[in-house]
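Asks: Dropping in my_file33.pdb, with PDB, C-alpha atoms.
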```pdb
ATOM      1  CA  MET A   1     108.035  95.019  92.696
ATOM      2  CA  SER A   2     108.849  94.027  89.129
ATOM      3  CA  ASP A   3     112.381  93.095  88.096
ATOM      4  CA  ALA A   4     112.385  95.945  85.546
ATOM      5  CA  THR A   5     111.507  98.485  88.246
ATOM      6  CA  ILE A   6     114.213  97.132  90.562
ATOM      7  CA  ALA A   7     116.776  97.310  87.755
ATOM      8  CA  ILE A   8     115.969 100.980  87.162
ATOM      9  CA  TYR A   9     116.449 101.793  90.843
ATOM     10  CA  ASP A  10     119.717  99.838  90.877
ATOM     11  CA  ALA A  11     120.988 101.800  87.875
ATOM     12  CA  ARG A  12     119.885 105.199  89.159
ATOM     13  CA  ALA A  13     120.373 104.854  92.912
ATOM     14  CA  GLN A  14     122.805 107.772  93.257
ATOM     15  CA  GLU A  15     120.561 110.085  91.227
ATOM     16  CA  TYR A  16     117.541 109.077  93.299
ATOM     17  CA  ALA A  17     119.521 109.624  96.513
ATOM     18  CA  ARG A  18     120.347 113.188  95.467
ATOM     19  CA  LEU A  19     116.740 113.866  94.467
ATOM     20  CA  SER A  20     115.270 112.566  97.734
ATOM     21  CA  ALA A  21     117.817 114.050 100.158
ATOM     22  CA  ALA A  22     115.654 117.101 100.994
ATOM     23  CA  LEU A  23     113.266 115.086 103.234
ATOM     24  CA  GLN A  24     110.091 116.652 101.852
ATOM     25  CA  GLU A  25     108.080 114.569 104.329
ATOM     26  CA  LEU A  26     109.863 115.966 107.420
ATOM     27  CA  PRO A  27     106.617 117.265 109.013
ATOM     28  CA  GLU A  28     105.135 113.762 108.733
ATOM     29  CA  MET A  29     108.352 112.220 110.066
ATOM     30  CA  GLU A  30     108.325 114.490 113.105
ATOM     31  CA  ALA A  31     104.647 113.788 113.823
ATOM     32  CA  PHE A  32     105.209 110.030 113.364
ATOM     33  CA  ALA A  33     108.214 110.057 115.717
ATOM     34  CA  ALA A  34     106.355 112.072 118.355
ATOM     35  CA  LEU A  35     103.720 109.336 118.648
ATOM     36  CA  LEU A  36     106.180 106.479 119.196
ATOM     37  CA  PRO A  37     107.695 105.332 122.500
ATOM     38  CA  ALA A  38     111.377 106.032 123.126
ATOM     39  CA  GLY A  39     113.587 103.493 121.358
ATOM     40  CA  ALA A  40     110.674 102.170 119.294
ATOM     41  CA  ARG A  41     111.283  99.681 116.480
ATOM     42  CA  ILE A  42     110.554 101.170 113.044
ATOM     43  CA  LEU A  43     110.477  99.366 109.704
ATOM     44  CA  ASP A  44     111.292 101.553 106.689
ATOM     45  CA  LEU A  45     109.623  99.429 104.004
ATOM     46  CA  GLY A  46     111.020 100.263 100.585
ATOM     47  CA  CYS A  47     113.674 102.452 102.175
ATOM     48  CA  GLY A  48     115.406 103.647  99.014
ATOM     49  CA  PRO A  49     118.738 105.298  99.837
ATOM     50  CA  GLY A  50     117.891 105.413 103.542
ATOM     51  CA  HIS A  51     117.383 109.141 104.180
ATOM     52  CA  HIS A  52     114.259 108.579 106.277
ATOM     53  CA  ALA A  53     115.709 105.555 108.081
ATOM     54  CA  ALA A  54     118.809 107.574 109.007
ATOM     55  CA  TRP A  55     116.711 110.439 110.369
ATOM     56  CA  PHE A  56     114.686 108.041 112.543
ATOM     57  CA  ALA A  57     117.887 106.366 113.769
ATOM     58  CA  ALA A  58     119.302 109.785 114.705
ATOM     59  CA  GLN A  59     116.196 110.316 116.883
ATOM     60  CA  GLY A  60     117.089 107.208 118.894
ATOM     61  CA  PHE A  61     114.796 104.655 117.236
ATOM     62  CA  ALA A  62     115.797 101.095 116.280
ATOM     63  CA  VAL A  63     115.444 101.147 112.494
ATOM     64  CA  GLU A  64     115.241  98.213 110.115
ATOM     65  CA  ALA A  65     115.275  99.172 106.441
ATOM     66  CA  LEU A  66     114.158  96.903 103.584
ATOM     67  CA  ASP A  67     114.400  97.458  99.847
ATOM     68  CA  ALA A  68     114.352  95.210  96.776
ATOM     69  CA  SER A  69     117.191  97.165  95.124
ATOM     70  CA  VAL A  70     120.717  96.019  95.980
ATOM     71  CA  ALA A  71     122.092  99.492  95.220
ATOM     72  CA  MET A  72     119.551 101.191  97.483
ATOM     73  CA  VAL A  73     120.273  98.758 100.318
ATOM     74  CA  ALA A  74     123.989  99.518 100.021
ATOM     75  CA  LEU A  75     123.308 103.255 100.364
ATOM     76  CA  ALA A  76     120.926 102.752 103.296
ATOM     77  CA  ALA A  77     123.260 100.343 105.108
ATOM     78  CA  ALA A  78     126.053 102.936 104.994
ATOM     79  CA  ARG A  79     123.996 105.318 107.141
ATOM     80  CA  PRO A  80     124.693 105.366 110.896
ATOM     81  CA  GLY A  81     122.239 103.359 112.991
ATOM     82  CA  VAL A  82     120.442 101.788 110.020
ATOM     83  CA  SER A  83     120.172  98.015 109.640
ATOM     84  CA  ALA A  84     119.355  97.467 105.949
ATOM     85  CA  ARG A  85     118.766  94.327 103.922
ATOM     86  CA  GLN A  86     117.465  93.338 100.535
ATOM     87  CA  ALA A  87     113.896  92.047 100.724
ATOM     88  CA  GLY A  88     110.525  92.359  99.059
ATOM     89  CA  PHE A  89     107.435  94.013 100.489
ATOM     90  CA  THR A  90     105.920  90.693 101.572
ATOM     91  CA  ASP A  91     108.977  89.692 103.634
ATOM     92  CA  LEU A  92     107.352  90.699 106.927
ATOM     93  CA  PRO A  93     107.029  88.842 110.229
ATOM     94  CA  ALA A  94     103.678  87.131 110.800
ATOM     95  CA  SER A  95     103.511  88.399 114.396
ATOM     96  CA  PRO A  96     103.975  91.907 115.825
ATOM     97  CA  ALA A  97     107.562  93.176 115.587
ATOM     98  CA  TYR A  98     107.356  96.946 114.986
ATOM     99  CA  HIS A  99     105.942 100.011 116.697
ATOM    100  CA  GLY A 100     105.831 101.816 113.358
ATOM    101  CA  ILE A 101     106.043 101.070 109.640
ATOM    102  CA  TRP A 102     107.149 103.845 107.291
ATOM    103  CA  ALA A 103     106.121 103.044 103.687
ATOM    104  CA  ASN A 104     106.828 106.242 101.799
ATOM    105  CA  PHE A 105     106.241 105.985  98.032
ATOM    106  CA  SER A 106     107.175 102.317  97.974
ATOM    107  CA  LEU A 107     103.908 100.361  97.879
ATOM    108  CA  LEU A 108     102.876 102.264  94.749
ATOM    109  CA  HIS A 109     105.088  99.762  92.902
ATOM    110  CA  LEU A 110     102.721  96.921  93.843
ATOM    111  CA  PRO A 111      99.958  95.884  91.434
ATOM    112  CA  ARG A 112      96.608  97.264  92.572
ATOM    113  CA  ALA A 113      95.330  93.734  93.265
ATOM    114  CA  ALA A 114      98.156  93.131  95.787
ATOM    115  CA  LEU A 115      97.727  96.181  98.038
ATOM    116  CA  ALA A 116      94.896  94.876 100.244
ATOM    117  CA  GLY A 117      96.884  91.776 101.207
ATOM    118  CA  GLN A 118     100.009  93.844 101.805
ATOM    119  CA  LEU A 119      98.175  96.190 104.173
ATOM    120  CA  ARG A 120      96.895  93.183 106.147
ATOM    121  CA  ARG A 121     100.453  91.800 106.415
ATOM    122  CA  MET A 122     101.664  95.173 107.665
ATOM    123  CA  LYS A 123      98.873  95.317 110.258
ATOM    124  CA  HIS A 124      99.963  91.903 111.590
ATOM    125  CA  ALA A 125     103.604  93.052 111.764
ATOM    126  CA  LEU A 126     102.687  96.024 113.974
ATOM    127  CA  TYR A 127     102.295  95.963 117.743
ATOM    128  CA  PRO A 128      98.767  96.875 118.905
ATOM    129  CA  SER A 129      98.042 100.532 118.103
ATOM    130  CA  GLY A 130     101.220 100.672 116.014
ATOM    131  CA  LEU A 131     101.661 103.439 113.444
ATOM    132  CA  LEU A 132     101.662 103.299 109.673
ATOM    133  CA  HIS A 133     102.815 106.050 107.321
ATOM    134  CA  LEU A 134     101.794 105.549 103.708
ATOM    135  CA  GLY A 135     102.783 107.774 100.776
ATOM    136  CA  MET A 136     101.031 107.049  97.461
ATOM    137  CA  LYS A 137     100.551 108.804  94.121
ATOM    138  CA  LEU A 138      96.990 109.780  93.286
ATOM    139  CA  GLY A 139      95.282 108.824  90.054
ATOM    140  CA  ALA A 140      93.685 105.799  88.429
ATOM    141  CA  GLY A 141      94.899 102.517  87.000
ATOM    142  CA  GLU A 142      98.407 101.173  86.718
ATOM    143  CA  GLY A 143     101.225 101.201  84.207
ATOM    144  CA  ARG A 144     104.828 102.191  83.553
ATOM    145  CA  ASP A 145     106.315 105.672  83.754
ATOM    146  CA  ARG A 146     108.670 107.068  81.101
ATOM    147  CA  LEU A 147     111.626 105.333  82.814
ATOM    148  CA  GLY A 148     109.870 101.968  82.700
ATOM    149  CA  ARG A 149     109.019 101.698  86.417
ATOM    150  CA  PHE A 150     105.699 100.036  87.269
ATOM    151  CA  TYR A 151     103.218 102.148  89.249
ATOM    152  CA  SER A 152      99.711 101.739  90.593
ATOM    153  CA  TYR A 153      97.671 104.884  91.163
ATOM    154  CA  TRP A 154      94.859 105.333  93.654
ATOM    155  CA  ARG A 155      91.978 107.624  94.498
ATOM    156  CA  GLU A 156      91.924 108.790  98.111
ATOM    157  CA  GLU A 157      88.633 107.052  98.862
ATOM    158  CA  GLU A 158      89.994 103.748  97.516
ATOM    159  CA  LEU A 159      93.054 103.923  99.770
ATOM    160  CA  GLU A 160      90.959 104.845 102.789
ATOM    161  CA  ALA A 161      88.626 101.892 102.186
ATOM    162  CA  LEU A 162      91.545  99.444 101.940
ATOM    163  CA  LEU A 163      93.165 100.826 105.103
ATOM    164  CA  LEU A 164      89.899 100.535 107.057
ATOM    165  CA  GLU A 165      89.327  97.022 105.713
ATOM    166  CA  ALA A 166      92.825  96.015 106.916
ATOM    167  CA  GLY A 167      92.040  97.290 110.435
ATOM    168  CA  PHE A 168      93.695 100.721 110.367
ATOM    169  CA  THR A 169      92.248 103.971 111.676
ATOM    170  CA  ILE A 170      93.313 107.022 109.677
ATOM    171  CA  THR A 171      94.445 109.880 111.900
ATOM    172  CA  ALA A 172      96.119 112.318 109.485
ATOM    173  CA  ARG A 173      96.395 112.996 105.765
ATOM    174  CA  ARG A 174      98.058 115.567 103.543
ATOM    175  CA  HIS A 175      97.745 116.206  99.816
ATOM    176  CA  ALA A 176     100.690 117.595  97.891
ATOM    177  CA  GLU A 177     102.462 117.353  94.573
ATOM    178  CA  GLY A 178     106.044 116.985  93.546
ATOM    179  CA  ARG A 179     108.456 116.056  90.801
ATOM    180  CA  GLY A 180     110.035 112.610  90.877
ATOM    181  CA  LEU A 181     112.902 110.793  89.175
ATOM    182  CA  ALA A 182     111.024 110.592  85.861
ATOM    183  CA  GLY A 183     110.536 114.374  85.819
ATOM    184  CA  ALA A 184     106.734 114.304  85.903
ATOM    185  CA  ARG A 185     104.839 116.381  88.446
ATOM    186  CA  ASP A 186     102.480 114.078  90.340
ATOM    187  CA  ARG A 187      99.796 114.577  92.949
ATOM    188  CA  TYR A 188     100.168 112.412  96.021
ATOM    189  CA  LEU A 189      98.679 111.600  99.396
ATOM    190  CA  LEU A 190     100.479 111.073 102.725
ATOM    191  CA  VAL A 191      98.460 109.158 105.324
ATOM    192  CA  ARG A 192      99.130 108.301 108.967
ATOM    193  CA  ALA A 193      97.065 105.522 110.517
ATOM    194  CA  HIS A 194      96.957 103.465 113.724
ATOM    195  CA  GLY A 195      96.818  99.686 113.613
TER     196      GLY A 195
END
```
Could you show the structure in this file as structure tokens?
Replies:
Amino acid sequence: MSDATIAIYDARAQEYARLSAALQELPEMEAFAALLPAGARILDLGCGPGHHAAWFAAQGFAVEALDASVAMVALAAARPGVSARQAGFTDLPASPAYHGIWANFSLLHLPRAALAGQLRRMKHALYPSGLLHLGMKLGAGEGRDRLGRFYSYWREEELEALLLEAGFTITARRHAEGRGLAGARDRYLLVRAHG
């Protein structure tokens, strides 16, 4: 994630926390949780203010939350049951450590050229048949939004090809649209896959 993007999240962490508190992805969270063993280890990669991590912790899971933004990590770490630390997307163990990885609208801040390698790293960090949740904005190309945050946009077939190439099997997907911090209404895709 670029330094400029991190700085924007640091400056607007409280606003983002208010905007994302509604847990729009609750159906996906419930389905994800239902497929994990009791007490499973979950990585919330790009956790933001920690709403999702806190929900998973409240369900009895062991949750580790990572984010590049110091302000977001502070918010996430204040939530009961959440172990949060500042780290980049690539700061993953080289051997299996998680039953599930929740990457909800975080990896869209990676350059397009970096996503394939990141998906492979995530596959290696999952136990066999581990779960991945991926939320990404749909579109083409990459660039900055009106706030200055860097984004990469993807077509569904491109994402599916990269997931398959990294060794994932897609088991669920949902299309939707919503308004984000920049105020724009974007189309997005939520995918669940097994490692």
Asks: I'd like to know which of A:Gly141, A:Gly195, A:Gly50, A:Pro96 is closest to A:Leu164, using all atoms listed in the file.
Replies: A:Gly195
Asks: Would you kindly return, as JSON, numbers by chain, each protein, DNA or RNA residue with an atom no farther than 10 Å from any atom of A:Ala38, considering all atoms listed in the file and excluding same-chain residues fewer than 4 positions away?
Replies: {"A": [33, 34, 59, 60, 61, 62]}
Asks: With all atoms listed in the file as the basis for distance, which of A:Leu147, A:Ser152, A:Gly130, A:Met72 is at the shortest distance from A:Ala113?
Replies: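 Smallest separation from A:Ala113 among the options: A:Ser152.
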Asks: Which value, in Å to one decimal, gives the distance between atom CA of A:Ile170 and atom CA of A:Glu30?
Replies: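 Atom CA of A:Glu30 lies at a distance of 17.1 Å from atom CA of A:Ile170.
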Asks: When you look at A:Ala11 with a cut-off of 10 Å (counting all atoms listed in the file), what residues show up, excluding the ones that are within fewer than 2 positions of it in the same chain? I need them as a list of chain:residue names.
Replies: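 Residues meeting the cut-off are A:Ile6, A:Ala7, A:Ile8, A:Tyr9, A:Ala13, A:Gln14, A:Glu15, A:Tyr16, A:Ser69, A:Val70, A:Ala71, A:Met72.
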Asks: The selected residues should be written to file as a compact mmCIF listing (two decimals), in the frame of the given file (atoms: C-alpha atoms).
Replies:
```txt
# COMPACT_ATOMS: atom_id res chain seq x y z
CA ILE A 6 114.21 97.13 90.56
CA ALA A 7 116.78 97.31 87.76
CA ILE A 8 115.97 100.98 87.16
CA TYR A 9 116.45 101.79 90.84
CA ALA A 13 120.37 104.85 92.91
CA GLN A 14 122.80 107.77 93.26
CA GLU A 15 120.56 110.08 91.23
CA TYR A 16 117.54 109.08 93.30
CA SER A 69 117.19 97.16 95.12
CA VAL A 70 120.72 96.02 95.98
CA ALA A 71 122.09 99.49 95.22
CA MET A 72 119.55 101.19 97.48
```
Asks: Using only C-alpha atoms, pick whichever of A:Asp186, A:Trp154, A:Lys123, A:Leu134 has the shortest atom-to-atom distance to A:Gly167.
Replies: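 Closest candidate: A:Lys123.
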Asks: Taking 6 positions as the minimum chain separation for residues in the same chain, which residues sit within 12 Å of A:Ala114 when counting only C-alpha atoms? Answer as a PyMOL selection string.
Replies: chain A and resi 1+89-90+107-108+120-121+152+162
Asks: Tell me which of A:Arg155, A:Arg85, A:His194, A:Arg174 sits closest to A:Leu126, counting all atoms listed in the file.
Replies: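 Among A:Arg155, A:Arg85, A:His194, A:Arg174, it is A:His194 that comes nearest to A:Leu126.
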Asks: Pick out the closest residue to A:Glu160 from this set: A:Val191, A:Leu138, A:Leu92, A:Ala57. Count all atoms listed in the file.
Replies: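 When distances to A:Glu160 are compared using all atoms listed in the file, the smallest one comes from A:Val191.
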Asks: Which value, in Å to one decimal, gives the distance between atom CA of A:Ala193 and atom CA of A:Leu45?
Replies: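 For atom CA of A:Ala193 relative to atom CA of A:Leu45, the distance reads 15.4 Å.
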Asks: Name the residues captured by the PyMOL selection byres ((chain A and resi 137) around 6) when it is applied to the shown file; answer as a PyMOL selection string.
Replies: chain A and resi 136+138+153+187-188
Asks: Excluding A:Pro49 and residues on its chain fewer than 2 positions from it, collect all residues at most 12 Å away from it, counting only C-alpha atoms, and give them as an mmCIF file with C-alpha atoms, keeping the file's coordinate frame.
Replies:
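Contents of around.cif, freshly written:
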```cif
data_model
loop_
_atom_site.group_PDB
_atom_site.id
_atom_site.type_symbol
_atom_site.label_atom_id
_atom_site.label_comp_id
_atom_site.auth_asym_id
_atom_site.auth_seq_id
_atom_site.Cartn_x
_atom_site.Cartn_y
_atom_site.Cartn_z
ATOM 1 C CA TYR A 9 116.449 101.793 90.843
ATOM 2 C CA ASP A 10 119.717 99.838 90.877
ATOM 3 C CA ARG A 12 119.885 105.199 89.159
ATOM 4 C CA ALA A 13 120.373 104.854 92.912
ATOM 5 C CA GLN A 14 122.805 107.772 93.257
ATOM 6 C CA GLU A 15 120.561 110.085 91.227
ATOM 7 C CA TYR A 16 117.541 109.077 93.299
ATOM 8 C CA ALA A 17 119.521 109.624 96.513
ATOM 9 C CA ARG A 18 120.347 113.188 95.467
ATOM 10 C CA LEU A 19 116.740 113.866 94.467
ATOM 11 C CA SER A 20 115.270 112.566 97.734
ATOM 12 C CA ALA A 21 117.817 114.050 100.158
ATOM 13 C CA LEU A 23 113.266 115.086 103.234
ATOM 14 C CA ASP A 44 111.292 101.553 106.689
ATOM 15 C CA LEU A 45 109.623 99.429 104.004
ATOM 16 C CA GLY A 46 111.020 100.263 100.585
ATOM 17 C CA CYS A 47 113.674 102.452 102.175
ATOM 18 C CA HIS A 51 117.383 109.141 104.180
ATOM 19 C CA HIS A 52 114.259 108.579 106.277
ATOM 20 C CA ALA A 53 115.709 105.555 108.081
ATOM 21 C CA ALA A 54 118.809 107.574 109.007
ATOM 22 C CA TRP A 55 116.711 110.439 110.369
ATOM 23 C CA ALA A 65 115.275 99.172 106.441
ATOM 24 C CA LEU A 66 114.158 96.903 103.584
ATOM 25 C CA ASP A 67 114.400 97.458 99.847
ATOM 26 C CA ALA A 68 114.352 95.210 96.776
ATOM 27 C CA SER A 69 117.191 97.165 95.124
ATOM 28 C CA VAL A 70 120.717 96.019 95.980
ATOM 29 C CA ALA A 71 122.092 99.492 95.220
ATOM 30 C CA MET A 72 119.551 101.191 97.483
ATOM 31 C CA VAL A 73 120.273 98.758 100.318
ATOM 32 C CA ALA A 74 123.989 99.518 100.021
ATOM 33 C CA LEU A 75 123.308 103.255 100.364
ATOM 34 C CA ALA A 76 120.926 102.752 103.296
ATOM 35 C CA ALA A 77 123.260 100.343 105.108
ATOM 36 C CA ALA A 78 126.053 102.936 104.994
ATOM 37 C CA ARG A 79 123.996 105.318 107.141
ATOM 38 C CA VAL A 82 120.442 101.788 110.020
ATOM 39 C CA ALA A 84 119.355 97.467 105.949
ATOM 40 C CA ARG A 85 118.766 94.327 103.922
#
```
Asks: Using atom CA of A:Ala4 and atom CA of A:Gly143 as the two end points, give the distance in Å to one decimal.
Replies: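 Separating atom CA of A:Ala4 from atom CA of A:Gly143 is a distance of 12.4 Å.
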Asks: A:Phe105, A:Asp145, A:His133, A:Pro80: which is nearest A:Thr169, counting all atoms listed in the file?
Replies: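 For A:Thr169, the nearest of the candidates is A:His133.
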Asks: Write out as lines of an AutoDock Vina configuration file an axis-aligned box for stretch 67-86 of chain A: all of its atoms listed in the file, 4 Å added on each side, centre and edge lengths in Å with one decimal.
Replies:
```
center_x = 120.2
center_y = 99.4
center_z = 104.1
size_x = 19.7
size_y = 20.0
size_z = 25.9
```
Asks: Please return as a list in words every residue within 12 Å of (102.9, 119.4, 108.3), taking into account all atoms listed in the file and the file's own coordinates.
Replies: Gln24, Glu25, Leu26, Pro27, Glu28, Met29, Glu30, Ala31, Phe32, Ala172, Arg173, Arg174, His175, Ala176, Leu190, Val191 and Arg192 of chain A
